[in-house]
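Novice: Have a peek at query.cif (mmCIF, C-alpha atoms).
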```cif
data_upload
#
loop_
_atom_site.label_atom_id
_atom_site.label_comp_id
_atom_site.auth_asym_id
_atom_site.auth_seq_id
_atom_site.Cartn_x
_atom_site.Cartn_y
_atom_site.Cartn_z
CA MET A 1395 56.21 -12.00 -21.92
CA LEU A 1396 56.63 -15.37 -20.24
CA ALA A 1397 59.66 -15.83 -18.01
CA LYS A 1398 60.87 -18.79 -20.07
CA ASP A 1399 61.07 -16.60 -23.19
CA ILE A 1400 63.13 -13.75 -21.72
CA LEU A 1401 66.62 -15.05 -22.52
CA GLU A 1402 65.71 -15.54 -26.17
CA GLN A 1403 64.39 -11.99 -26.33
CA GLU A 1404 67.60 -10.69 -24.75
CA LYS A 1405 69.57 -12.57 -27.39
CA ILE A 1406 67.54 -10.86 -30.13
CA PHE A 1407 68.27 -7.47 -28.56
CA ASP A 1408 72.00 -8.26 -28.46
CA GLU A 1409 71.93 -9.24 -32.13
CA THR A 1410 69.89 -6.29 -33.43
CA GLY A 1411 70.54 -3.49 -30.93
CA ILE A 1412 66.91 -2.40 -31.42
CA ASP A 1413 64.96 -1.53 -28.28
CA ALA A 1414 61.22 -1.85 -27.69
CA PHE A 1415 60.64 1.64 -29.14
CA GLY A 1416 62.40 0.82 -32.40
CA ILE A 1417 65.54 2.82 -31.55
CA LYS A 1418 68.83 1.23 -32.59
CA HIS A 1419 71.88 1.19 -30.30
CA ARG A 1420 75.60 0.63 -30.82
CA PHE A 1421 77.54 -1.79 -28.60
CA HIS A 1422 81.21 -1.62 -27.67
CA LYS A 1423 82.52 -4.49 -25.55
CA LEU A 1424 85.18 -3.78 -22.94
CA GLN A 1425 87.08 -5.88 -20.45
CA ILE A 1426 88.36 -3.84 -17.52
CA GLU A 1427 90.81 -4.99 -14.87
CA ILE A 1428 89.53 -4.29 -11.36
CA PRO A 1429 92.22 -2.41 -9.39
CA VAL A 1430 93.97 -4.19 -6.51
CA THR A 1431 92.39 -7.53 -7.43
CA ASP A 1432 93.06 -10.35 -9.87
CA LYS A 1433 89.58 -9.93 -11.35
CA SER A 1434 88.22 -8.24 -14.45
CA ILE A 1435 84.76 -7.15 -15.54
CA ASP A 1436 83.10 -7.28 -18.96
CA LEU A 1437 81.04 -4.23 -19.88
CA ILE A 1438 78.97 -3.40 -22.94
CA GLU A 1439 79.21 0.33 -23.56
CA MET A 1440 76.06 1.55 -25.31
CA GLU A 1441 74.87 4.58 -27.15
CA ARG A 1442 71.91 5.41 -29.31
CA PHE A 1443 72.69 5.04 -33.01
CA ASP A 1444 71.83 8.73 -33.49
CA SER A 1445 74.47 9.56 -30.82
CA ASP A 1446 71.89 11.38 -28.67
CA LYS A 1447 73.07 11.79 -25.08
CA SER A 1448 70.26 13.93 -23.72
CA TYR A 1449 69.05 11.26 -21.29
CA PHE A 1450 71.87 12.01 -18.83
CA TYR A 1451 73.84 15.02 -17.60
CA ARG A 1452 77.50 15.24 -18.55
CA TYR A 1453 78.62 16.68 -15.23
CA SER A 1454 80.67 14.66 -12.76
CA HIS A 1455 80.18 14.65 -8.98
CA LYS A 1456 81.74 12.77 -6.09
CA LYS A 1457 80.08 9.37 -5.79
CA GLU A 1458 79.13 8.24 -2.30
CA GLN A 1459 76.57 5.49 -2.83
CA ILE A 1460 75.54 2.65 -5.12
CA ILE A 1461 71.74 2.41 -5.40
CA LEU A 1462 70.08 -0.76 -6.69
CA HIS A 1463 66.85 -0.88 -8.69
CA HIS A 1464 64.80 -3.41 -10.60
CA THR A 1465 63.20 -2.31 -13.82
CA GLU A 1466 59.69 -3.84 -13.78
CA GLY A 1467 60.24 -4.74 -17.43
CA PHE A 1468 62.31 -6.65 -19.98
CA LEU A 1469 65.68 -5.72 -21.43
CA ALA A 1470 64.65 -4.15 -24.74
CA SER A 1471 61.96 -2.05 -23.04
CA ASP A 1472 64.27 -1.28 -20.09
CA ILE A 1473 66.94 0.14 -22.40
CA GLY A 1474 64.33 2.02 -24.41
CA MET A 1475 62.82 3.68 -21.34
CA LEU A 1476 66.21 4.62 -19.90
CA THR A 1477 67.57 6.23 -23.09
CA GLN A 1478 64.65 8.44 -24.09
CA LYS A 1479 65.60 11.82 -25.54
CA ASN A 1480 65.56 14.73 -23.08
CA ARG A 1481 63.91 12.66 -20.35
CA HIS A 1482 66.90 12.63 -17.99
CA VAL A 1483 65.72 9.51 -16.17
CA SER A 1484 68.32 6.79 -16.52
CA THR A 1485 70.94 4.68 -14.78
CA ALA A 1486 74.58 4.11 -15.56
CA PHE A 1487 74.15 0.33 -15.68
CA VAL A 1488 71.53 -2.27 -16.56
CA ILE A 1489 72.17 -5.97 -15.90
CA GLY A 1490 70.23 -8.35 -18.14
CA ARG A 1491 68.93 -11.69 -16.91
CA ASN A 1492 71.71 -13.21 -19.00
CA GLY A 1493 74.21 -11.46 -16.71
CA LYS A 1494 75.47 -9.01 -19.34
CA ILE A 1495 76.24 -5.55 -18.01
CA TYR A 1496 75.08 -2.69 -20.22
CA ASN A 1497 76.76 0.67 -19.55
CA LEU A 1498 74.36 3.39 -20.70
CA PHE A 1499 76.61 6.34 -19.83
CA PRO A 1500 79.90 6.95 -17.97
CA SER A 1501 79.35 6.32 -14.27
CA LYS A 1502 81.04 9.60 -13.31
CA TYR A 1503 78.04 11.44 -14.83
CA TRP A 1504 74.45 11.35 -13.56
CA SER A 1505 70.76 11.22 -14.36
CA TYR A 1506 67.61 11.18 -12.24
CA HIS A 1507 66.66 7.73 -10.94
CA LEU A 1508 64.96 8.19 -7.56
CA GLY A 1509 61.89 10.23 -8.48
CA LYS A 1510 60.12 13.32 -7.21
CA ARG A 1511 59.69 13.65 -3.45
CA ALA A 1512 62.47 11.17 -2.81
CA VAL A 1513 63.46 11.26 0.84
CA SER A 1514 66.93 12.80 1.27
CA GLY A 1515 66.58 14.72 -1.99
CA ASN A 1516 66.12 13.48 -5.54
CA ARG A 1517 68.62 15.81 -7.23
CA ASP A 1518 71.30 15.65 -4.52
CA ARG A 1519 71.29 11.87 -4.12
CA CYS A 1520 71.11 11.20 -7.88
CA LYS A 1521 74.19 13.36 -8.42
CA HIS A 1522 76.19 11.60 -5.74
CA SER A 1523 75.18 8.01 -6.43
CA ILE A 1524 75.66 5.37 -9.11
CA ALA A 1525 72.44 3.59 -10.05
CA ILE A 1526 72.27 -0.02 -11.21
CA GLU A 1527 69.10 -1.50 -12.70
CA LEU A 1528 68.55 -5.26 -12.63
CA SER A 1529 66.25 -6.30 -15.47
CA ASN A 1530 63.37 -7.92 -13.60
CA ILE A 1531 59.58 -7.78 -13.89
CA GLY A 1532 59.22 -7.11 -10.16
CA PRO A 1533 56.01 -7.71 -8.16
CA LEU A 1534 53.57 -10.40 -9.26
CA THR A 1535 49.92 -11.14 -8.56
CA ILE A 1536 48.23 -14.53 -8.59
CA SER A 1537 45.47 -15.41 -11.07
CA GLY A 1538 44.37 -19.04 -11.10
CA ASN A 1539 47.48 -21.16 -11.73
CA TYR A 1540 49.52 -18.25 -13.09
CA LEU A 1541 51.41 -15.27 -11.75
CA LYS A 1542 50.89 -12.03 -13.62
CA SER A 1543 53.05 -8.93 -13.96
CA ILE A 1544 51.90 -5.44 -13.00
CA TYR A 1545 50.89 -5.14 -16.68
CA ASN A 1546 48.37 -7.98 -16.16
CA LYS A 1547 50.30 -10.34 -18.44
CA ASN A 1548 51.07 -13.96 -17.58
CA TYR A 1549 54.64 -14.32 -16.33
CA CYS A 1550 54.90 -17.93 -15.16
CA HIS A 1551 52.93 -20.94 -13.95
CA LEU A 1552 52.85 -21.64 -10.23
CA ASP A 1553 54.78 -24.87 -10.92
CA GLU A 1554 57.71 -22.84 -12.33
CA THR A 1555 59.07 -22.01 -8.90
CA GLU A 1556 62.49 -20.97 -10.22
CA TYR A 1557 60.92 -17.80 -11.63
CA TYR A 1558 59.34 -16.38 -8.49
CA GLN A 1559 59.64 -16.08 -4.75
CA GLU A 1560 56.80 -15.92 -2.26
CA THR A 1561 57.44 -13.05 0.12
CA THR A 1562 55.17 -10.25 1.33
CA PHE A 1563 56.30 -6.66 0.85
CA ARG A 1564 54.46 -3.38 0.22
CA GLY A 1565 51.19 -5.01 -0.71
CA TYR A 1566 52.51 -7.86 -2.87
CA ASP A 1567 52.98 -11.52 -1.98
CA TYR A 1568 55.06 -12.68 -4.96
CA PHE A 1569 58.14 -11.30 -6.72
CA ALA A 1570 60.14 -12.39 -9.74
CA THR A 1571 63.49 -13.91 -8.84
CA PHE A 1572 66.85 -12.68 -10.09
CA THR A 1573 69.18 -15.03 -11.97
CA HIS A 1574 72.47 -16.49 -10.79
CA GLU A 1575 74.14 -14.66 -13.67
CA GLN A 1576 72.75 -11.34 -12.43
CA TYR A 1577 74.05 -11.89 -8.92
CA ASP A 1578 77.50 -12.86 -10.21
CA SER A 1579 77.72 -9.81 -12.49
CA LEU A 1580 76.37 -7.47 -9.83
CA GLN A 1581 78.99 -8.67 -7.36
CA LEU A 1582 81.77 -7.90 -9.86
CA LEU A 1583 80.26 -4.55 -10.81
CA ILE A 1584 80.00 -3.47 -7.18
CA LEU A 1585 83.61 -4.52 -6.59
CA TYR A 1586 84.73 -2.50 -9.61
CA LEU A 1587 82.75 0.62 -8.64
CA SER A 1588 83.86 0.43 -5.01
CA LYS A 1589 87.50 0.45 -6.12
CA GLU A 1590 86.96 3.14 -8.76
CA TYR A 1591 85.08 5.57 -6.48
CA SER A 1592 86.16 4.48 -2.96
CA ILE A 1593 82.62 3.48 -2.01
CA PRO A 1594 82.50 1.03 0.94
CA ILE A 1595 81.04 -2.40 0.22
CA LYS A 1596 78.54 -2.45 3.06
CA ILE A 1597 74.76 -2.63 3.32
CA LEU A 1598 72.19 -1.47 5.83
CA ASP A 1599 71.27 -3.70 8.74
CA GLU A 1600 67.76 -5.06 8.92
CA PRO A 1601 65.11 -3.70 9.32
CA GLU A 1602 66.47 -0.40 7.88
CA ARG A 1603 67.33 -2.30 4.69
CA TYR A 1604 63.62 -2.31 3.81
CA GLU A 1605 62.69 1.07 5.25
CA THR A 1606 62.61 4.63 3.94
CA GLY A 1607 64.23 7.41 5.91
CA PHE A 1608 66.67 10.28 6.09
CA PHE A 1609 69.31 7.84 7.36
CA ALA A 1610 69.82 6.92 3.70
CA LYS A 1611 71.41 10.28 2.88
CA SER A 1612 74.38 9.84 5.18
CA PHE A 1613 74.94 6.12 4.58
CA ARG A 1614 78.04 5.35 2.52
CA GLY A 1615 77.68 2.03 0.76
CA ILE A 1616 74.99 0.11 -1.11
CA LEU A 1617 71.30 0.98 -0.80
CA SER A 1618 68.16 0.45 -2.86
CA HIS A 1619 65.32 2.55 -4.23
CA ILE A 1620 62.96 1.74 -1.35
CA ASN A 1621 65.31 3.51 1.08
CA PHE A 1622 64.35 6.76 -0.67
CA LYS A 1623 60.68 6.19 -1.62
CA LYS A 1624 57.93 5.35 0.88
CA THR A 1625 55.31 4.38 -1.70
CA GLY A 1626 55.02 3.27 -5.30
CA LYS A 1627 58.29 1.32 -5.41
CA THR A 1628 59.26 -2.22 -4.41
CA ASP A 1629 62.90 -2.27 -5.53
CA ILE A 1630 64.66 -3.92 -4.02
CA GLY A 1631 62.62 -5.80 -1.44
CA PRO A 1632 63.18 -8.95 0.64
CA GLY A 1633 63.10 -11.17 -2.45
CA PHE A 1634 66.61 -9.95 -3.23
CA GLU A 1635 69.43 -12.08 -1.73
CA TRP A 1636 71.68 -9.37 -0.27
CA GLU A 1637 74.25 -11.81 1.08
CA ARG A 1638 75.14 -12.85 -2.47
CA ILE A 1639 76.74 -9.49 -3.27
CA LEU A 1640 78.91 -9.14 -0.18
#
```
So that I can check it, write out the structure of this file as structure tokens.
Specialist:
Amino acid sequence: MLAKDILEQEKIFDETGIDAFGIKHRFHKLQIEIPVTDKSIDLIEMERFDSDKSYFYRYSHKKEQIILHHTEGFLASDIGMLTQKNRHVSTAFVIGRNGKIYNLFPSKYWSYHLGKRAVSGNRDRCKHSIAIELSNIGPLTISGNYLKSIYNKNYCHLDETEYYQETTFRGYDYFATFTHEQYDSLQLLILYLSKEYSIPIKILDEPERYETGFFAKSFRGILSHINFKKTGKTDIGPGFEWERIL
């Protein structure tokens, strides 16, 4: 899918509720006041139309961290992948490029989101963290005058500089940018979750921000997937503007 077509595709998903696998979802819109502030947050609570909830565990644990991801996909496929029956790989929240916040399951519960052999422990850290996925195609490779996704599909022309950022990280030189709407919604969501679960709004200093290590287990605040996985993941690398969420 071309970058310029994404918002129209997200609109279609909002209208139909049908993900890329043909599964229909219900939406319930909520506006929640953020404690001790004059702000509120708009959430879209979601569930599969067949009411299946087997993609997450309905057990609550103390939350100590917020962990950011990008999906390497588009909204309808992102939702489809994260709500597969009995897969137990999901995140509490997905933020579309339109800035809408989709709540896939109550944030007090958990699902796997770090992956096998995650440093600091996949099961332990998934239980005690809240994961947020930003809908984003991720790393890009150059081919003539176009940038392609990891699926070898054209994403944007090199002249469309608003859709990508040139930065080198983990073997890639280009990454899809995030939207202003995503940053604005993420900032509000982090504020809400920090108040709800007493999670500090702080991030790692550089260079640890882009490193993997056992330091991530004891850090209380906001981290990203790369702090737990040495290889195979690029979320969220230096193309992400960390200062915009603080």
Novice: Evaluate the PyMOL selection byres ((chain A and resi 1552) around 8) and record the selected residues as a short mmCIF file (atom, residue, chain, number, x, y, z; two decimals) with C-alpha atoms, keeping the file's coordinate frame, following the chain and residue labels used in the document.
Specialist:
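File written: out-v1.cif
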```
data_model
loop_
_atom_site.label_atom_id
_atom_site.label_comp_id
_atom_site.auth_asym_id
_atom_site.auth_seq_id
_atom_site.Cartn_x
_atom_site.Cartn_y
_atom_site.Cartn_z
CA ASN A 1539 47.48 -21.16 -11.73
CA TYR A 1540 49.52 -18.25 -13.09
CA LEU A 1541 51.41 -15.27 -11.75
CA CYS A 1550 54.90 -17.93 -15.16
CA HIS A 1551 52.93 -20.94 -13.95
CA ASP A 1553 54.78 -24.87 -10.92
CA GLU A 1554 57.71 -22.84 -12.33
CA THR A 1555 59.07 -22.01 -8.90
#
```
Novice: Using all atoms listed in the file, which residue out of A:Val1488, A:Ile1473, A:Leu1462, A:Leu1437 lies closest to Lys1418 of chain A?
Specialist: A:Ile1473
Novice: Atom CA of Gln1581 of chain A to atom CA of Phe1613 of chain A: how many Å, to one decimal?
Specialist: 19.4 Å
Novice: Excluding same-chain residues fewer than 5 positions from Leu1508 of chain A, what lies within 9 Å of it counting only C-alpha atoms, as a PyMOL selection string?
Specialist: chain A and resi 1483+1515-1517+1519-1520+1619+1622-1623
Novice: Expressed in Å to a single decimal, how great is the separation between atom CA of Asp1599 of chain A and atom CA of Glu1466 of chain A?
Specialist: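 Pair atom CA of Asp1599 of chain A / atom CA of Glu1466 of chain A returns 25.3 Å.
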Novice: Using only C-alpha atoms, can you list as a PyMOL selection string the residues within 12 Å of (65.0, -2.7, -4.7)?
Specialist: chain A and resi 1460-1466+1508+1525-1533+1563-1564+1569-1570+1572+1603-1606+1616-1623+1626-1636
Novice: Which is closer to Arg1420 of chain A than all the others in A:Asp1399, A:Ala1486, A:Asn1497, A:His1455, using all atoms listed in the file?
Specialist: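 For Arg1420 of chain A, the nearest of the given residues is A:Asn1497.
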Novice: Mind pulling up the distance from atom CA of Tyr1545 of chain A to atom CA of Lys1405 of chain A?
Specialist: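 Computed distance, atom CA of Lys1405 of chain A to atom CA of Tyr1545 of chain A, equals 22.8 Å.
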Novice: Given the file above and the PyMOL selection byres ((chain A and resi 1443-1449) around 6), which residues are selected, and can you give them as a ChimeraX atom specification?
Specialist: /A:1418-1420,1442,1450,1477-1482
Novice: Let me see the file: selected residues, C-alpha atoms, as a PDB file, in the frame of the given file.
Specialist:
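See selection-v7.pdb below for the written result:
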```
ATOM      1  CA  LYS A1418      68.830   1.230 -32.590  1.00  0.00           C
ATOM      2  CA  HIS A1419      71.880   1.190 -30.300  1.00  0.00           C
ATOM      3  CA  ARG A1420      75.600   0.630 -30.820  1.00  0.00           C
ATOM      4  CA  ARG A1442      71.910   5.410 -29.310  1.00  0.00           C
ATOM      5  CA  PHE A1450      71.870  12.010 -18.830  1.00  0.00           C
ATOM      6  CA  THR A1477      67.570   6.230 -23.090  1.00  0.00           C
ATOM      7  CA  GLN A1478      64.650   8.440 -24.090  1.00  0.00           C
ATOM      8  CA  LYS A1479      65.600  11.820 -25.540  1.00  0.00           C
ATOM      9  CA  ASN A1480      65.560  14.730 -23.080  1.00  0.00           C
ATOM     10  CA  ARG A1481      63.910  12.660 -20.350  1.00  0.00           C
ATOM     11  CA  HIS A1482      66.900  12.630 -17.990  1.00  0.00           C
TER      12      HIS A1482
END
```
Novice: Which centre and which edge lengths, in Å to one decimal, describe the axis-aligned box that holds all listed atoms of segment 1515-1533 of chain A after 5 Å is added on each side, as JSON?
Specialist:
```
{"center_x": 66.1, "center_y": 3.9, "center_z": -8.7, "size_x": 30.2, "size_y": 33.7, "size_z": 23.5}
```
Novice: Name the residues that the PyMOL selection byres ((chain A and resi 1398) around 12) picks from the file above, as a PyMOL selection string, using the file's chain letters and numbers.
Specialist: chain A and resi 1395-1397+1399-1404+1491+1548-1551+1554-1558
Novice: Hey, what's within 12 Å of Pro1429 of chain A if we count only C-alpha atoms and toss same-chain stuff fewer than 6 positions away? As a PyMOL selection string, please?
Specialist: chain A and resi 1435+1582+1585-1592
Novice: Write out as a list in words each polymer residue whose atoms come within 10 Å of Lys1423 of chain A, counting all atoms listed in the file; drop sequence neighbours fewer than 6 positions from it.
Specialist: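 Counting all atoms listed in the file, the residues come to Asp1436, Leu1437, Ile1438, Glu1439, Met1440, Ile1495, Tyr1496 and Asn1497 of chain A.
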Novice: Print the selection's residues with C-alpha atoms to a file, as a compact mmCIF listing (two decimals), keeping the file's coordinate frame.
Specialist:
```txt
# COMPACT_ATOMS: atom_id res chain seq x y z
CA ASP A 1436 83.10 -7.28 -18.96
CA LEU A 1437 81.04 -4.23 -19.88
CA ILE A 1438 78.97 -3.40 -22.94
CA GLU A 1439 79.21 0.33 -23.56
CA MET A 1440 76.06 1.55 -25.31
CA ILE A 1495 76.24 -5.55 -18.01
CA TYR A 1496 75.08 -2.69 -20.22
CA ASN A 1497 76.76 0.67 -19.55
```
